[in-house]
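For reference, target.cif (mmCIF, N, CA, C and O atoms):
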```cif
data_entry
#
loop_
_atom_site.label_atom_id
_atom_site.label_comp_id
_atom_site.auth_asym_id
_atom_site.auth_seq_id
_atom_site.Cartn_x
_atom_site.Cartn_y
_atom_site.Cartn_z
N MET A 31 156.19 -200.85 -103.69
CA MET A 31 155.52 -199.57 -103.61
C MET A 31 155.72 -198.95 -102.24
O MET A 31 155.52 -197.76 -102.07
N GLU A 32 156.09 -199.73 -101.27
CA GLU A 32 156.31 -199.22 -99.91
C GLU A 32 157.38 -198.14 -99.88
O GLU A 32 157.28 -197.18 -99.13
N ARG A 33 158.42 -198.28 -100.71
CA ARG A 33 159.49 -197.28 -100.74
C ARG A 33 158.98 -195.91 -101.16
O ARG A 33 159.37 -194.90 -100.61
N THR A 34 158.06 -195.87 -102.10
CA THR A 34 157.56 -194.58 -102.56
C THR A 34 156.71 -193.90 -101.49
O THR A 34 156.67 -192.68 -101.44
N LYS A 35 156.07 -194.62 -100.62
CA LYS A 35 155.28 -194.01 -99.55
C LYS A 35 156.17 -193.27 -98.57
O LYS A 35 155.75 -192.29 -97.98
N ASN A 36 157.38 -193.73 -98.36
CA ASN A 36 158.29 -193.12 -97.40
C ASN A 36 159.06 -191.94 -97.96
O ASN A 36 159.82 -191.31 -97.25
N MET A 37 158.89 -191.62 -99.22
CA MET A 37 159.68 -190.57 -99.84
C MET A 37 159.01 -189.20 -99.76
O MET A 37 159.54 -188.23 -100.26
N ASN A 38 157.84 -189.07 -99.14
CA ASN A 38 157.14 -187.80 -98.98
C ASN A 38 156.90 -187.08 -100.30
O ASN A 38 157.25 -185.92 -100.47
N ILE A 39 156.29 -187.77 -101.21
CA ILE A 39 155.98 -187.20 -102.52
C ILE A 39 154.76 -186.30 -102.38
O ILE A 39 153.76 -186.67 -101.79
N VAL A 40 154.87 -185.11 -102.94
CA VAL A 40 153.75 -184.17 -102.92
C VAL A 40 152.90 -184.34 -104.17
O VAL A 40 151.69 -184.42 -104.11
N HIS A 41 153.57 -184.41 -105.32
CA HIS A 41 152.84 -184.42 -106.58
C HIS A 41 153.72 -185.05 -107.66
O HIS A 41 154.93 -184.88 -107.66
N SER A 42 153.08 -185.74 -108.59
CA SER A 42 153.81 -186.26 -109.74
C SER A 42 152.92 -186.13 -110.97
O SER A 42 151.69 -186.25 -110.86
N GLU A 43 153.54 -185.87 -112.11
CA GLU A 43 152.77 -185.76 -113.35
C GLU A 43 153.69 -185.91 -114.55
O GLU A 43 154.89 -185.76 -114.45
N TYR A 44 153.05 -186.21 -115.67
CA TYR A 44 153.76 -186.26 -116.94
C TYR A 44 153.79 -184.84 -117.50
O TYR A 44 152.75 -184.18 -117.61
N ASN A 45 154.97 -184.37 -117.88
CA ASN A 45 155.13 -183.04 -118.46
C ASN A 45 155.23 -183.21 -119.97
O ASN A 45 156.27 -183.60 -120.50
N LYS A 46 154.14 -182.92 -120.67
CA LYS A 46 154.10 -183.15 -122.12
C LYS A 46 154.98 -182.18 -122.90
O LYS A 46 155.35 -182.45 -124.03
N TYR A 47 155.34 -181.06 -122.30
CA TYR A 47 156.18 -180.08 -122.99
C TYR A 47 157.65 -180.50 -123.03
O TYR A 47 158.37 -180.12 -123.95
N HIS A 48 158.08 -181.26 -122.03
CA HIS A 48 159.46 -181.72 -121.98
C HIS A 48 159.60 -183.24 -122.13
O HIS A 48 160.71 -183.77 -122.10
N ASN A 49 158.46 -183.95 -122.23
CA ASN A 49 158.44 -185.42 -122.28
C ASN A 49 159.17 -186.00 -121.08
O ASN A 49 160.07 -186.83 -121.21
N THR A 50 158.77 -185.53 -119.90
CA THR A 50 159.39 -185.99 -118.66
C THR A 50 158.34 -186.36 -117.63
O THR A 50 157.18 -185.94 -117.73
N ILE A 51 158.76 -187.13 -116.65
CA ILE A 51 157.98 -187.36 -115.45
C ILE A 51 158.58 -186.46 -114.39
O ILE A 51 159.78 -186.52 -114.12
N ASP A 52 157.77 -185.59 -113.80
CA ASP A 52 158.22 -184.69 -112.75
C ASP A 52 157.60 -185.11 -111.43
O ASP A 52 156.37 -185.19 -111.32
N ILE A 53 158.46 -185.39 -110.45
CA ILE A 53 158.01 -185.79 -109.13
C ILE A 53 158.50 -184.75 -108.13
O ILE A 53 159.69 -184.51 -108.03
N ASN A 54 157.55 -184.13 -107.42
CA ASN A 54 157.87 -183.09 -106.44
C ASN A 54 157.80 -183.68 -105.04
O ASN A 54 156.84 -184.38 -104.70
N TYR A 55 158.78 -183.34 -104.21
CA TYR A 55 158.86 -183.82 -102.84
C TYR A 55 158.61 -182.68 -101.86
O TYR A 55 158.79 -181.51 -102.18
N TYR A 56 158.22 -183.04 -100.62
CA TYR A 56 157.97 -182.03 -99.58
C TYR A 56 159.19 -181.17 -99.31
O TYR A 56 159.07 -179.99 -99.02
N ASN A 57 160.38 -181.73 -99.39
CA ASN A 57 161.59 -180.98 -99.05
C ASN A 57 162.05 -180.05 -100.19
O ASN A 57 163.10 -179.43 -100.10
N GLY A 58 161.26 -179.94 -101.25
CA GLY A 58 161.57 -179.01 -102.33
C GLY A 58 162.32 -179.61 -103.50
O GLY A 58 162.50 -178.96 -104.53
N TYR A 59 162.75 -180.85 -103.38
CA TYR A 59 163.45 -181.49 -104.48
C TYR A 59 162.47 -181.89 -105.58
O TYR A 59 161.32 -182.20 -105.32
N ILE A 60 162.96 -181.88 -106.80
CA ILE A 60 162.18 -182.33 -107.95
C ILE A 60 163.01 -183.39 -108.68
O ILE A 60 164.17 -183.15 -109.02
N LEU A 61 162.41 -184.55 -108.88
CA LEU A 61 163.04 -185.60 -109.67
C LEU A 61 162.41 -185.53 -111.05
O LEU A 61 161.19 -185.59 -111.18
N ARG A 62 163.23 -185.36 -112.06
CA ARG A 62 162.73 -185.29 -113.44
C ARG A 62 163.35 -186.44 -114.22
O ARG A 62 164.57 -186.55 -114.33
N ILE A 63 162.50 -187.29 -114.76
CA ILE A 63 162.94 -188.42 -115.57
C ILE A 63 162.61 -188.11 -117.03
O ILE A 63 161.45 -187.90 -117.37
N ASP A 64 163.63 -188.10 -117.87
CA ASP A 64 163.45 -187.87 -119.30
C ASP A 64 162.95 -189.18 -119.93
O ASP A 64 163.67 -190.17 -119.99
N CYS A 65 161.72 -189.18 -120.38
CA CYS A 65 161.11 -190.40 -120.92
C CYS A 65 161.82 -190.89 -122.18
O CYS A 65 161.93 -192.10 -122.40
N SER A 66 162.32 -189.98 -122.99
CA SER A 66 163.04 -190.39 -124.20
C SER A 66 164.30 -191.17 -123.85
O SER A 66 164.60 -192.20 -124.46
N LYS A 67 165.02 -190.69 -122.85
CA LYS A 67 166.24 -191.39 -122.40
C LYS A 67 165.88 -192.71 -121.72
O LYS A 67 166.57 -193.71 -121.91
N ALA A 68 164.81 -192.70 -120.95
CA ALA A 68 164.40 -193.91 -120.23
C ALA A 68 164.00 -195.03 -121.19
O ALA A 68 164.21 -196.20 -120.90
N GLU A 69 163.44 -194.65 -122.34
CA GLU A 69 162.92 -195.65 -123.27
C GLU A 69 163.83 -195.94 -124.46
O GLU A 69 163.50 -196.79 -125.27
N GLU A 70 164.97 -195.27 -124.56
CA GLU A 70 165.79 -195.41 -125.76
C GLU A 70 166.35 -196.81 -125.98
O GLU A 70 166.56 -197.22 -127.11
N SER A 71 166.57 -197.57 -124.93
CA SER A 71 167.13 -198.91 -125.11
C SER A 71 166.07 -200.02 -125.02
O SER A 71 166.40 -201.20 -125.09
N LEU A 72 164.81 -199.64 -124.90
CA LEU A 72 163.75 -200.64 -124.80
C LEU A 72 163.41 -201.22 -126.17
O LEU A 72 163.45 -200.53 -127.18
N ILE A 73 163.06 -202.48 -126.16
CA ILE A 73 162.57 -203.15 -127.35
C ILE A 73 161.06 -203.25 -127.18
O ILE A 73 160.57 -203.96 -126.30
N THR A 74 160.32 -202.51 -128.01
CA THR A 74 158.87 -202.45 -127.88
C THR A 74 158.18 -202.82 -129.18
O THR A 74 158.78 -202.78 -130.25
N THR A 75 156.93 -203.16 -129.05
CA THR A 75 156.04 -203.31 -130.20
C THR A 75 155.11 -202.11 -130.20
O THR A 75 155.07 -201.37 -129.21
N PRO A 76 154.36 -201.90 -131.25
CA PRO A 76 153.41 -200.78 -131.22
C PRO A 76 152.44 -200.86 -130.04
O PRO A 76 152.12 -199.85 -129.42
N ASN A 77 152.01 -202.08 -129.70
CA ASN A 77 151.09 -202.23 -128.57
C ASN A 77 151.76 -201.89 -127.24
O ASN A 77 151.19 -201.17 -126.43
N SER A 78 152.95 -202.42 -127.01
CA SER A 78 153.60 -202.14 -125.72
C SER A 78 154.01 -200.67 -125.63
O SER A 78 153.97 -200.08 -124.55
N GLN A 79 154.33 -200.04 -126.75
CA GLN A 79 154.64 -198.60 -126.73
C GLN A 79 153.40 -197.80 -126.37
O GLN A 79 153.46 -196.86 -125.60
N ARG A 80 152.26 -198.22 -126.91
CA ARG A 80 150.99 -197.56 -126.57
C ARG A 80 150.68 -197.69 -125.09
O ARG A 80 150.30 -196.73 -124.42
N MET A 81 150.88 -198.89 -124.56
CA MET A 81 150.62 -199.12 -123.13
C MET A 81 151.61 -198.35 -122.25
O MET A 81 151.24 -197.84 -121.19
N LEU A 82 152.84 -198.26 -122.69
CA LEU A 82 153.85 -197.49 -121.95
C LEU A 82 153.51 -196.00 -121.96
O LEU A 82 153.64 -195.33 -120.94
N ASN A 83 153.04 -195.50 -123.08
CA ASN A 83 152.61 -194.10 -123.16
C ASN A 83 151.44 -193.84 -122.22
O ASN A 83 151.40 -192.81 -121.54
N ALA A 84 150.50 -194.77 -122.17
CA ALA A 84 149.35 -194.62 -121.27
C ALA A 84 149.80 -194.65 -119.80
O ALA A 84 149.31 -193.87 -118.98
N LEU A 85 150.74 -195.52 -119.49
CA LEU A 85 151.27 -195.59 -118.12
C LEU A 85 151.94 -194.28 -117.73
O LEU A 85 151.77 -193.79 -116.61
N THR A 86 152.67 -193.70 -118.65
CA THR A 86 153.36 -192.44 -118.40
C THR A 86 152.37 -191.35 -117.97
O THR A 86 152.62 -190.62 -117.02
N ILE A 87 151.25 -191.28 -118.62
CA ILE A 87 150.26 -190.25 -118.34
C ILE A 87 149.38 -190.62 -117.14
O ILE A 87 149.14 -189.80 -116.25
N ASP A 88 148.93 -191.87 -117.09
CA ASP A 88 147.97 -192.29 -116.06
C ASP A 88 148.60 -192.59 -114.70
O ASP A 88 147.95 -192.39 -113.67
N ASP A 89 149.82 -193.10 -114.69
CA ASP A 89 150.46 -193.49 -113.42
C ASP A 89 151.95 -193.17 -113.45
O ASP A 89 152.79 -194.08 -113.54
N PRO A 90 152.31 -191.88 -113.39
CA PRO A 90 153.72 -191.50 -113.50
C PRO A 90 154.60 -192.07 -112.38
O PRO A 90 155.78 -192.33 -112.61
N ILE A 91 154.04 -192.30 -111.20
CA ILE A 91 154.82 -192.89 -110.10
C ILE A 91 155.24 -194.32 -110.45
O ILE A 91 156.38 -194.72 -110.21
N GLU A 92 154.33 -195.08 -111.02
CA GLU A 92 154.65 -196.46 -111.41
C GLU A 92 155.69 -196.46 -112.52
O GLU A 92 156.62 -197.27 -112.52
N TYR A 93 155.56 -195.54 -113.48
CA TYR A 93 156.56 -195.41 -114.55
C TYR A 93 157.93 -195.13 -113.94
O TYR A 93 158.92 -195.77 -114.31
N ALA A 94 157.99 -194.19 -113.01
CA ALA A 94 159.26 -193.84 -112.36
C ALA A 94 159.82 -195.03 -111.59
O ALA A 94 161.02 -195.30 -111.64
N ARG A 95 158.95 -195.76 -110.89
CA ARG A 95 159.41 -196.93 -110.13
C ARG A 95 160.01 -197.98 -111.06
O ARG A 95 161.08 -198.53 -110.78
N LEU A 96 159.33 -198.25 -112.16
CA LEU A 96 159.84 -199.22 -113.13
C LEU A 96 161.21 -198.80 -113.66
O LEU A 96 162.12 -199.61 -113.77
N TYR A 97 161.34 -197.53 -113.99
CA TYR A 97 162.61 -197.03 -114.53
C TYR A 97 163.72 -197.09 -113.49
O TYR A 97 164.81 -197.59 -113.77
N LEU A 98 163.44 -196.60 -112.30
CA LEU A 98 164.48 -196.54 -111.27
C LEU A 98 164.89 -197.92 -110.77
O LEU A 98 166.03 -198.11 -110.32
N ASN A 99 164.00 -198.90 -110.86
CA ASN A 99 164.33 -200.27 -110.46
C ASN A 99 164.78 -201.14 -111.63
O ASN A 99 164.91 -202.35 -111.48
N SER A 100 164.98 -200.54 -112.79
CA SER A 100 165.41 -201.25 -114.01
C SER A 100 164.48 -202.40 -114.36
O SER A 100 164.91 -203.47 -114.78
N GLU A 101 163.17 -202.18 -114.22
CA GLU A 101 162.17 -203.20 -114.51
C GLU A 101 161.31 -202.86 -115.73
O GLU A 101 160.36 -203.55 -116.03
N MET A 102 161.67 -201.79 -116.44
CA MET A 102 160.82 -201.33 -117.52
C MET A 102 160.74 -202.34 -118.67
O MET A 102 159.67 -202.59 -119.21
N GLN A 103 161.86 -202.95 -119.06
CA GLN A 103 161.83 -203.94 -120.15
C GLN A 103 160.99 -205.14 -119.75
O GLN A 103 160.24 -205.67 -120.57
N ASP A 104 161.07 -205.57 -118.49
CA ASP A 104 160.23 -206.68 -118.03
C ASP A 104 158.75 -206.33 -118.13
O ASP A 104 157.93 -207.16 -118.53
N TRP A 105 158.40 -205.09 -117.77
CA TRP A 105 157.01 -204.64 -117.85
C TRP A 105 156.54 -204.63 -119.30
O TRP A 105 155.43 -205.07 -119.61
N VAL A 106 157.39 -204.13 -120.20
CA VAL A 106 157.06 -204.09 -121.63
C VAL A 106 156.86 -205.50 -122.17
O VAL A 106 155.90 -205.77 -122.89
N ASN A 107 157.74 -206.41 -121.80
CA ASN A 107 157.63 -207.80 -122.25
C ASN A 107 156.33 -208.43 -121.75
O ASN A 107 155.66 -209.15 -122.48
N ALA A 108 155.99 -208.16 -120.48
CA ALA A 108 154.75 -208.70 -119.92
C ALA A 108 153.53 -208.11 -120.62
O ALA A 108 152.54 -208.81 -120.84
N ALA A 109 153.60 -206.83 -120.98
CA ALA A 109 152.49 -206.19 -121.69
C ALA A 109 152.29 -206.86 -123.05
O ALA A 109 151.15 -207.08 -123.47
N ASP A 110 153.36 -207.21 -123.72
CA ASP A 110 153.25 -207.91 -125.00
C ASP A 110 152.73 -209.33 -124.83
O ASP A 110 151.95 -209.81 -125.64
N MET A 111 153.16 -210.00 -123.79
CA MET A 111 152.71 -211.37 -123.55
C MET A 111 151.23 -211.39 -123.21
O MET A 111 150.51 -212.32 -123.56
N ASP A 112 150.74 -210.36 -122.53
CA ASP A 112 149.34 -210.28 -122.15
C ASP A 112 148.43 -210.24 -123.39
O ASP A 112 147.36 -210.80 -123.39
N ILE A 113 148.90 -209.62 -124.45
CA ILE A 113 148.14 -209.54 -125.71
C ILE A 113 148.08 -210.90 -126.39
O ILE A 113 147.09 -211.26 -127.00
N LEU A 114 149.17 -211.66 -126.29
CA LEU A 114 149.24 -212.95 -126.98
C LEU A 114 148.35 -214.01 -126.35
O LEU A 114 147.97 -214.96 -126.99
N ILE A 115 148.05 -213.84 -125.08
CA ILE A 115 147.28 -214.86 -124.36
C ILE A 115 145.81 -214.71 -124.60
O ILE A 115 145.22 -213.82 -124.91
#
```
Rewrite the coordinates I just gave you, this time as structure tokens.
Amino acid sequence: MERTKNMNIVHSEYNKYHNTIDINYYNGYILRIDCSKAEESLITTPNSQRMLNALTIDDPIEYARLYLNSEMQDWVNAADMDILI
């Protein structure tokens, strides 16, 4: 999470009209992550998909971090394992 602190993020949110995560930076740049593209190769269960949807809305920075670090499938797998325990 230390890397995201150094990126001078102004605002981030889930854009329900485009199904994207929009991250605005102080220097005027906008990073837009298409959630459909980010999730197209994931193997999910209904529960992990529900949790992923909640993460998208509640913590878009964490969603972006998982996607950009290629850790999203690991997060989904852990979410499913958490239910089994």
**Study point:** Target residues per the PyMOL selection byres (((chain A and resi 68-73 and name CA) around 9) and name CA), formatted as number ranges by chain
**Key:** A: 63-67, 74-75, 97, 102-103, 106-107
**Study point:** Answer as JSON, numbers by chain, residues within 7 Å of (159.1, -186.3, -104.2) using all atoms listed in the file
**Key:** {"A": [37, 38, 39, 40, 41, 53, 54, 55, 56, 57, 59, 60, 61]}
Check your understanding: What does the distance between atom C of Ile91 of chain A and atom C of Glu43 of chain A come to in Å, to one decimal place?
Key ->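 If I compute the distance from atom C of Ile91 of chain A to atom C of Glu43 of chain A, I get 9.5 Å.
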**Study point:** Residues flagged strand (DSSP E or B) by DSSP in chain A, as a list in words
**Key:**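 Reading the DSSP output for chain A, strand (DSSP E or B) covers Ile39, Val40, His41, Ser42, Glu43, Tyr44, Asn45, Thr50, Ile51, Asp52, Ile53, Asn54, Tyr55, Ile60, Leu61, Arg62, Ile63 and Asp64 of chain A.
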Check your understanding: DSSP on the backbone: what in chain A comes out helix (DSSP H, G or I), as number ranges by chain?
Key -> A: 32-35, 65-69, 76-88, 90-98, 102-114
Practice item. Enter the distance from atom CA of Asp88 of chain A to atom CA of Lys46 of chain A, in Å, rounded to one decimal. Key: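 Between atom CA of Asp88 of chain A and atom CA of Lys46 of chain A the gap works out to 12.6 Å.
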Exercise for review: Could you jot down the atom CA of Gly58 of chain A to atom CA of Leu82 of chain A separation for me, Å, one decimal place?
Suggested key: 28.0 Å
Study note, to complete from the structure: Using only N, CA, C and O atoms, the residue out of A:Ile87, A:Ser78, A:Thr50, A:Asn45 with shortest distance to Trp105 of chain A is A:Ser78
Check your understanding: For Met81 of chain A, which residue out of A:Ala109, A:Arg62, A:Ala94, A:Ser42 is the nearest one, using all atoms listed in the file?
Key -> A:Ala109
Review point. If you count only N, CA, C and O atoms, which residues fall within 7 Å of Pro90 of chain A, apart from same-chain ones fewer than 4 positions away, as a PyMOL selection string?
Key: chain A and resi 42-44+51+84-86+94-96
Using the incomplete input, complete segment 46-57 of chain A to the level of all heavy atoms; output as a PDB file, in the coordinates of the input.
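So out_26.pdb came out as:
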```
ATOM      1  N   LYS A  46     154.140-182.920-120.670  1.00  0.00           N
ATOM      2  CA  LYS A  46     154.100-183.150-122.120  1.00  0.00           C
ATOM      3  C   LYS A  46     154.980-182.180-122.900  1.00  0.00           C
ATOM      4  O   LYS A  46     155.350-182.450-124.030  1.00  0.00           O
ATOM      5  CB  LYS A  46     152.665-183.070-122.631  1.00  0.00           C
ATOM      6  CG  LYS A  46     152.019-181.722-122.524  1.00  0.00           C
ATOM      7  CD  LYS A  46     150.595-181.765-123.023  1.00  0.00           C
ATOM      8  CE  LYS A  46     149.939-180.404-122.873  1.00  0.00           C
ATOM      9  NZ  LYS A  46     148.548-180.431-123.292  1.00  0.00           N
ATOM     10  N   TYR A  47     155.340-181.060-122.300  1.00  0.00           N
ATOM     11  CA  TYR A  47     156.180-180.080-122.990  1.00  0.00           C
ATOM     12  C   TYR A  47     157.650-180.500-123.030  1.00  0.00           C
ATOM     13  O   TYR A  47     158.370-180.120-123.950  1.00  0.00           O
ATOM     14  CB  TYR A  47     156.036-178.703-122.347  1.00  0.00           C
ATOM     15  CG  TYR A  47     154.613-178.217-122.374  1.00  0.00           C
ATOM     16  CD1 TYR A  47     153.861-178.169-121.214  1.00  0.00           C
ATOM     17  CD2 TYR A  47     154.010-177.851-123.575  1.00  0.00           C
ATOM     18  CE1 TYR A  47     152.542-177.741-121.243  1.00  0.00           C
ATOM     19  CE2 TYR A  47     152.694-177.429-123.615  1.00  0.00           C
ATOM     20  CZ  TYR A  47     151.964-177.378-122.445  1.00  0.00           C
ATOM     21  OH  TYR A  47     150.661-176.977-122.486  1.00  0.00           O
ATOM     22  N   HIS A  48     158.080-181.260-122.030  1.00  0.00           N
ATOM     23  CA  HIS A  48     159.460-181.720-121.980  1.00  0.00           C
ATOM     24  C   HIS A  48     159.600-183.240-122.130  1.00  0.00           C
ATOM     25  O   HIS A  48     160.710-183.770-122.100  1.00  0.00           O
ATOM     26  CB  HIS A  48     160.110-181.304-120.653  1.00  0.00           C
ATOM     27  CG  HIS A  48     160.239-179.826-120.503  1.00  0.00           C
ATOM     28  ND1 HIS A  48     159.443-179.103-119.651  1.00  0.00           N
ATOM     29  CD2 HIS A  48     161.056-178.952-121.115  1.00  0.00           C
ATOM     30  CE1 HIS A  48     159.770-177.829-119.729  1.00  0.00           C
ATOM     31  NE2 HIS A  48     160.740-177.700-120.621  1.00  0.00           N
ATOM     32  N   ASN A  49     158.460-183.950-122.230  1.00  0.00           N
ATOM     33  CA  ASN A  49     158.440-185.420-122.280  1.00  0.00           C
ATOM     34  C   ASN A  49     159.170-186.000-121.080  1.00  0.00           C
ATOM     35  O   ASN A  49     160.070-186.830-121.210  1.00  0.00           O
ATOM     36  CB  ASN A  49     159.024-185.938-123.596  1.00  0.00           C
ATOM     37  CG  ASN A  49     158.753-187.421-123.790  1.00  0.00           C
ATOM     38  OD1 ASN A  49     157.755-187.942-123.302  1.00  0.00           O
ATOM     39  ND2 ASN A  49     159.642-188.099-124.495  1.00  0.00           N
ATOM     40  N   THR A  50     158.770-185.530-119.900  1.00  0.00           N
ATOM     41  CA  THR A  50     159.390-185.990-118.660  1.00  0.00           C
ATOM     42  C   THR A  50     158.340-186.360-117.630  1.00  0.00           C
ATOM     43  O   THR A  50     157.180-185.940-117.730  1.00  0.00           O
ATOM     44  CB  THR A  50     160.278-184.885-118.040  1.00  0.00           C
ATOM     45  OG1 THR A  50     159.476-183.736-117.768  1.00  0.00           O
ATOM     46  CG2 THR A  50     161.441-184.516-118.935  1.00  0.00           C
ATOM     47  N   ILE A  51     158.760-187.130-116.650  1.00  0.00           N
ATOM     48  CA  ILE A  51     157.980-187.360-115.450  1.00  0.00           C
ATOM     49  C   ILE A  51     158.580-186.460-114.390  1.00  0.00           C
ATOM     50  O   ILE A  51     159.780-186.520-114.120  1.00  0.00           O
ATOM     51  CB  ILE A  51     158.081-188.834-114.983  1.00  0.00           C
ATOM     52  CG1 ILE A  51     157.553-189.796-116.039  1.00  0.00           C
ATOM     53  CG2 ILE A  51     157.379-189.025-113.646  1.00  0.00           C
ATOM     54  CD1 ILE A  51     156.082-189.736-116.286  1.00  0.00           C
ATOM     55  N   ASP A  52     157.770-185.590-113.800  1.00  0.00           N
ATOM     56  CA  ASP A  52     158.220-184.690-112.750  1.00  0.00           C
ATOM     57  C   ASP A  52     157.600-185.110-111.430  1.00  0.00           C
ATOM     58  O   ASP A  52     156.370-185.190-111.320  1.00  0.00           O
ATOM     59  CB  ASP A  52     157.814-183.238-113.063  1.00  0.00           C
ATOM     60  CG  ASP A  52     158.447-182.725-114.343  1.00  0.00           C
ATOM     61  OD1 ASP A  52     159.505-183.248-114.733  1.00  0.00           O
ATOM     62  OD2 ASP A  52     157.886-181.796-114.948  1.00  0.00           O
ATOM     63  N   ILE A  53     158.460-185.390-110.450  1.00  0.00           N
ATOM     64  CA  ILE A  53     158.010-185.790-109.130  1.00  0.00           C
ATOM     65  C   ILE A  53     158.500-184.750-108.130  1.00  0.00           C
ATOM     66  O   ILE A  53     159.690-184.510-108.030  1.00  0.00           O
ATOM     67  CB  ILE A  53     158.541-187.194-108.762  1.00  0.00           C
ATOM     68  CG1 ILE A  53     158.107-188.212-109.817  1.00  0.00           C
ATOM     69  CG2 ILE A  53     158.050-187.599-107.380  1.00  0.00           C
ATOM     70  CD1 ILE A  53     158.741-189.564-109.666  1.00  0.00           C
ATOM     71  N   ASN A  54     157.550-184.130-107.420  1.00  0.00           N
ATOM     72  CA  ASN A  54     157.870-183.090-106.440  1.00  0.00           C
ATOM     73  C   ASN A  54     157.800-183.680-105.040  1.00  0.00           C
ATOM     74  O   ASN A  54     156.840-184.380-104.700  1.00  0.00           O
ATOM     75  CB  ASN A  54     156.888-181.931-106.562  1.00  0.00           C
ATOM     76  CG  ASN A  54     156.905-181.329-107.938  1.00  0.00           C
ATOM     77  OD1 ASN A  54     157.935-180.875-108.402  1.00  0.00           O
ATOM     78  ND2 ASN A  54     155.771-181.340-108.612  1.00  0.00           N
ATOM     79  N   TYR A  55     158.780-183.340-104.210  1.00  0.00           N
ATOM     80  CA  TYR A  55     158.860-183.820-102.840  1.00  0.00           C
ATOM     81  C   TYR A  55     158.610-182.680-101.860  1.00  0.00           C
ATOM     82  O   TYR A  55     158.790-181.510-102.180  1.00  0.00           O
ATOM     83  CB  TYR A  55     160.252-184.409-102.570  1.00  0.00           C
ATOM     84  CG  TYR A  55     160.538-185.636-103.385  1.00  0.00           C
ATOM     85  CD1 TYR A  55     161.166-185.539-104.630  1.00  0.00           C
ATOM     86  CD2 TYR A  55     160.176-186.884-102.931  1.00  0.00           C
ATOM     87  CE1 TYR A  55     161.425-186.665-105.386  1.00  0.00           C
ATOM     88  CE2 TYR A  55     160.432-188.011-103.690  1.00  0.00           C
ATOM     89  CZ  TYR A  55     161.056-187.892-104.907  1.00  0.00           C
ATOM     90  OH  TYR A  55     161.296-189.008-105.655  1.00  0.00           O
ATOM     91  N   TYR A  56     158.220-183.040-100.620  1.00  0.00           N
ATOM     92  CA  TYR A  56     157.970-182.030 -99.580  1.00  0.00           C
ATOM     93  C   TYR A  56     159.190-181.170 -99.310  1.00  0.00           C
ATOM     94  O   TYR A  56     159.070-179.990 -99.020  1.00  0.00           O
ATOM     95  CB  TYR A  56     157.561-182.709 -98.262  1.00  0.00           C
ATOM     96  CG  TYR A  56     156.109-183.056 -98.204  1.00  0.00           C
ATOM     97  CD1 TYR A  56     155.700-184.381 -98.128  1.00  0.00           C
ATOM     98  CD2 TYR A  56     155.128-182.071 -98.218  1.00  0.00           C
ATOM     99  CE1 TYR A  56     154.365-184.709 -98.072  1.00  0.00           C
ATOM    100  CE2 TYR A  56     153.794-182.395 -98.168  1.00  0.00           C
ATOM    101  CZ  TYR A  56     153.418-183.717 -98.083  1.00  0.00           C
ATOM    102  OH  TYR A  56     152.097-184.043 -98.031  1.00  0.00           O
ATOM    103  N   ASN A  57     160.380-181.730 -99.390  1.00  0.00           N
ATOM    104  CA  ASN A  57     161.590-180.980 -99.050  1.00  0.00           C
ATOM    105  C   ASN A  57     162.050-180.050-100.190  1.00  0.00           C
ATOM    106  O   ASN A  57     163.100-179.430-100.100  1.00  0.00           O
ATOM    107  CB  ASN A  57     162.722-181.928 -98.677  1.00  0.00           C
ATOM    108  CG  ASN A  57     163.098-182.896 -99.776  1.00  0.00           C
ATOM    109  OD1 ASN A  57     162.586-182.820-100.881  1.00  0.00           O
ATOM    110  ND2 ASN A  57     163.989-183.814 -99.462  1.00  0.00           N
TER     111      ASN A  57
END
```
